[in-house]
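Below: one structure, written as structure tokens.
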Amino acid sequence: MLFNSFEFLIILPLVFLGYWFVFQKNLKFQNAFILLASYVFYGWWDWRFLALIVASSAVDYWCGLKLSTVDSPQSTANSGSSRINYSKAGFQNPDSTTVQPLTVVSGPLTKKKLYLTLSLVFNLGLLGFFKYFNFFIESATDFINLLGFQAHPSTLNLILPVGISFYTFQTMSYTIDVYRGKMEATKDPVAFFSYVAFFPQLVAGPIERASHLLPQFLKKREFEYQQGSDGMKLILWGLFKKVVVADNCALMVNPIFENYQTASGLELAMGAILFSFQIYGDFSGYSDIAIGTAKLFGFDLMTNFRTPYFSRDIAEFWRRWHISLSTWFRDYVYIPLGGSQVSRAKAIRNILIVFLVSGFWHGANWTFIAWGAIHAALFVPLFIFEKNRTYLNEGRHLIPSVGEVFQMFLTFSLVTLAWVFFRAASIGDAIGYLNGIISHSFSEGFRLSLYSLSLAAVGMMLAFEWIFRGKQILAFQFPTLRYVGYAGVVMTILFFGAFFNPQDFIYFQF
Amino acid sequence: MKAFLGNSAIAGGILFGFILAYGTFCDYFFQKPEYMDFTEKRTWNIAQKGGNYDYAVLGSSRAFGAFDMPLLDSLTGWKGINLGANGSGFKDNYLVLTLFLKTNQVDRLLLQVDMGVLNSKMAFSNEFHAFTFFPFWEEKEVREVLQEEIPVMAHPLTELAPQWRYFYFNKYFSPKEVIRRCLAGGEPSNVFLKTRGGIQETEKAPPATKITPTPLPETPEEEDWRYLLKVKTLAEQAGVAVLFFSAPRYQDEQREVGTLLSQFPNRYISPEGFDQSNLSFFQDQGHLTSNGRKLFTLYMGKSFQESI
């Protein structure tokens, strides 16, 4: 079920009313109701794949319980002796107060390791089978053929279950955290299953940590006006970003990428720039709606985007873009590999691994790996020269300096260049596209007026996000301005939303 | 909670009220001929009322540009109207004919059939101009096609508040568009009246200097075929005699169309007798020049009379 669909428009108020008025008195019933709503939400797309979520939840719930019953010397040794410095690598630590010291796990295979391995194998196996099976087969075939042998293995006609990359990562975070002694295993299956399937963020994140979201399922929730109001603002803003910015940009971007061989250089450049805003509007719009919806039910989800296109270098960009994924990789891949607390060469290796795996997480295509590699190549020099933590706070001033504008422009340009690989069907297409920007005729067939709506939408989004950066979006100070502002955004959605061109959320495919 | 629900209800009520009011206004406004956009040919077709015609031409831009209508009238001694329009496939044509026949009388229909219009998704960048028919939602046939084509139009919420549909194609029904039409409206500009719905002389295009023929598919798309049958049935049920024809294509005999249509008792007028290898008759592979149009009209006038 899409957030920008009639079905959601009907179901959301019904679930809201049932949640607060029918089931509020009993926490278990309330969680069970959320679970039911989440399964309906997911099953609307394809009910058969509910079995995967249930299985993933069941395996991790069971592994968690087993982990909690096994005594391990490692859990008691989990004190300060092997602390990893989170901040030194330059990744963001969004919730430093709740992060426990971690130990790099090593030593003989214990029972705990067995249960952890079971959880990881199951979830990664699920992901590997549904998402990467054909990719590995095809890549192996290409490689064998490259060596001069003939191979014709058959691939499987697999449907990628929506949200599989998100909920498997979410459940894995739970077992890993229990294994590390960072949190206790829950004995409440309904709360756990609800945590895994929580419908606002089930299919495209934010990827919540059990340590952050699960406790919210275990305590009684009270409705707060401010939280509900903030939720509505986020939903409104998310809808604007999705149907006005992203879907209008998609109208221009799709034909340009499909016909890049014949487009002029200026059209190609415009296509790349608009795709940067399309993917931002699409994904951050989804995150805003998810976070806003969760607020309506008394839950706080983690921030997933903090105006990333105002970043002044790539390191800052990665502290602001898809924060839930980048911090996941930081905590569960980068730190266990040693983070930055190893030799410089190994630290660089760790960074490369994280970026490449992050790229591969997005999809079974070399283009995503190339995208990750480009970001790694842009990040590593900052790390080497210890410039990766230059911009930890966003500026508060309304007018940026010329230098800052230049830095933002440069960072955006580099990010846009990498997005071409992300969007293109193949690496060859991406190179052809970028080459076309320089080698094709400069402006033949280019008409700026065609892009006016997309550019105006992007301009409005950037202006609002600049004004409200670091604050709650649409939090106007003066009541009159507030209502004019809300009405303005609603009217913009009604009259400029690309309703006739509804696009699936891009991150659904991941 | 009470305050939240109260404020949400007020905001939702205002929003819903606005959508209903704007949609109702559009229903009223966009059906009035003086505010219709007659530069959009399909709209002009729909706006014709109370006419009595011996024949009507129906098809895409190739039908629209294939006839010199006053010349064809003089050749046949009949009064005709050209309902062809740029980019019109069978879905558009079905609805145009549906609305046209509600207020006009026609004896014969010259229906363009070729493998282009029978493969509309391939041939046209926009194979169905749904927004043209949005103001005619109350007509059952229009509603059925729109609901089939745009699933969200069949949603129970749309049934409850169909006025919202104008926001679906907000580009065509925006306040800016309303203001533009208000300023331009009042006196309906009947640009196609002189040419009886045919192409205007101002749309003259020079002959092509070179055309590389590209073949069309040899089989029709299922959906287009279904709508062809619907157009035929609609016309015949209204007592209109249906004749098929194909507009000329440069160096393309289009024999497969004749084979395909041979299953019907209706007469098919093939363009084979017209010189389709003369480059000077074509502005591109499927569209005639002014001279080509005159010659094809002479050819069709003869065939047309023979076929009745």
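Naming works like this for the structure tokens: A, B, ... for the chains as they're shown, residue 1 at the start of each chain, ligands 1 onward in shown order.
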
Could you make a table, as a Markdown table, of the residues of chain A that have an atom within 8 Å of an atom of chain B, each with its nearest atom pair and distance in Å to one decimal, counting only C-alpha atoms, in chain and number order?
```
| residue | atom | partner | partner_atom | distance |
| --- | --- | --- | --- | --- |
| A:Phe6 | CA | B:Leu157 | CA | 7.4 |
| A:Phe223 | CA | B:Met1 | CA | 6.7 |
| A:Glu224 | CA | B:Met1 | CA | 7.3 |
| A:Tyr225 | CA | B:Phe4 | CA | 6.1 |
| A:Gly228 | CA | B:Phe4 | CA | 7.4 |
| A:Ser229 | CA | B:Phe4 | CA | 7.4 |
| A:Leu494 | CA | B:Phe167 | CA | 6.0 |
| A:Phe495 | CA | B:Asn170 | CA | 5.3 |
| A:Phe496 | CA | B:Asn170 | CA | 6.6 |
| A:Gly497 | CA | B:Asn170 | CA | 7.7 |
| A:Ala498 | CA | B:Tyr168 | CA | 7.6 |
| A:Phe499 | CA | B:Tyr168 | CA | 5.1 |
| A:Phe500 | CA | B:Tyr168 | CA | 5.5 |
```

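Running DSSP on the backbone and keeping only strand (DSSP E), the residues of stretch 51-294 of chain B that qualify are Asn52, Tyr53, Asp54, Tyr55, Ala56, Val57, Leu58, Gly80, Ile81, Asn82, Gln105, Val106, Asp107, Arg108, Leu109, Leu110, Leu111, Gln112, Ala241, Val242, Leu243, Phe244, Phe245, Tyr268 and Ile269 of chain B.
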
Separation of atom CA of A:Ile323 from atom CA of A:Arg306 in Å: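 Separation of atom CA of A:Arg306 and atom CA of A:Ile323: 8.4 Å.
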
Non-local contacts of stretch 132-142 of chain B (8 Å; only C-alpha atoms; under 5 positions in same chain excluded) as a PyMOL selection string: chain B and resi 26-27+30-31+42-43+95+98+165-166

Contacts of B:Phe274 within 10 Å, only C-alpha atoms, excl. fewer than 4 positions in-chain, as a PyMOL selection string: chain B and resi 247-248+253+270+278+292+295-300

Residue selection dump (C-alpha atoms) as a short mmCIF file (atom, residue, chain, number, x, y, z; two decimals), in the first residue's frame:
```cif
data_model
loop_
_atom_site.label_atom_id
_atom_site.label_comp_id
_atom_site.auth_asym_id
_atom_site.auth_seq_id
_atom_site.Cartn_x
_atom_site.Cartn_y
_atom_site.Cartn_z
CA ALA B 247 -4.84 7.30 -44.94
CA PRO B 248 -1.82 7.06 -47.26
CA GLU B 253 0.61 -0.47 -49.36
CA SER B 270 -7.71 1.12 -49.52
CA ASN B 278 5.47 10.30 -54.66
CA GLY B 292 -1.22 15.45 -51.48
CA LEU B 295 -5.21 14.59 -54.71
CA PHE B 296 -6.14 12.07 -52.04
CA THR B 297 -9.49 13.83 -51.55
CA LEU B 298 -10.17 13.52 -55.29
CA TYR B 299 -9.29 9.84 -55.12
CA MET B 300 -11.43 9.28 -52.03
#
```

Spatial neighbours of A:Leu474, 8 Å, only C-alpha atoms, chain gap at least 3 places, as a ChimeraX atom specification: /A:233,237,464,468,482,485-486

Output file for the residues above (C-alpha atoms, as a PDB file, in the first residue's frame):
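Everything below was put into part17.pdb:
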```
ATOM      1  CA  LYS A 233       3.275  18.504   9.441  1.00  0.00           C
ATOM      2  CA  TRP A 237       5.729  17.946   3.888  1.00  0.00           C
ATOM      3  CA  PHE A 464      11.613  25.727   3.068  1.00  0.00           C
ATOM      4  CA  PHE A 468      13.558  25.293   8.759  1.00  0.00           C
ATOM      5  CA  ARG A 482       1.266  29.183   9.961  1.00  0.00           C
ATOM      6  CA  GLY A 485       1.912  28.281   5.066  1.00  0.00           C
ATOM      7  CA  TYR A 486      -0.137  25.101   5.522  1.00  0.00           C
TER       8      TYR A 486
END
```

Separation of atom CA of B:Gln237 from atom CA of B:Glu40, in Å and rounded to one decimal: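 Value for the atom CA of B:Gln237-atom CA of B:Glu40 distance: 28.0 Å.
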
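Minimum atom-to-atom distances from A:Pro336, A:Pro215, A:Pro161, A:Gly281 to A:Gln503 were compared using only C-alpha atoms, and the lowest value belongs to A:Gly281.
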
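Within the 8 Å cut-off around A:Asn365, using only C-alpha atoms and omitting residues fewer than 4 positions from it on the same chain, the listed residues are A:Phe135, A:Phe360, A:Ile369, A:Ser426.
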
For A:Ile159: contacts at 10 Å, only C-alpha atoms, fewer than 4 positions along chain excluded, given as a ChimeraX atom specification: /A:49,130-131
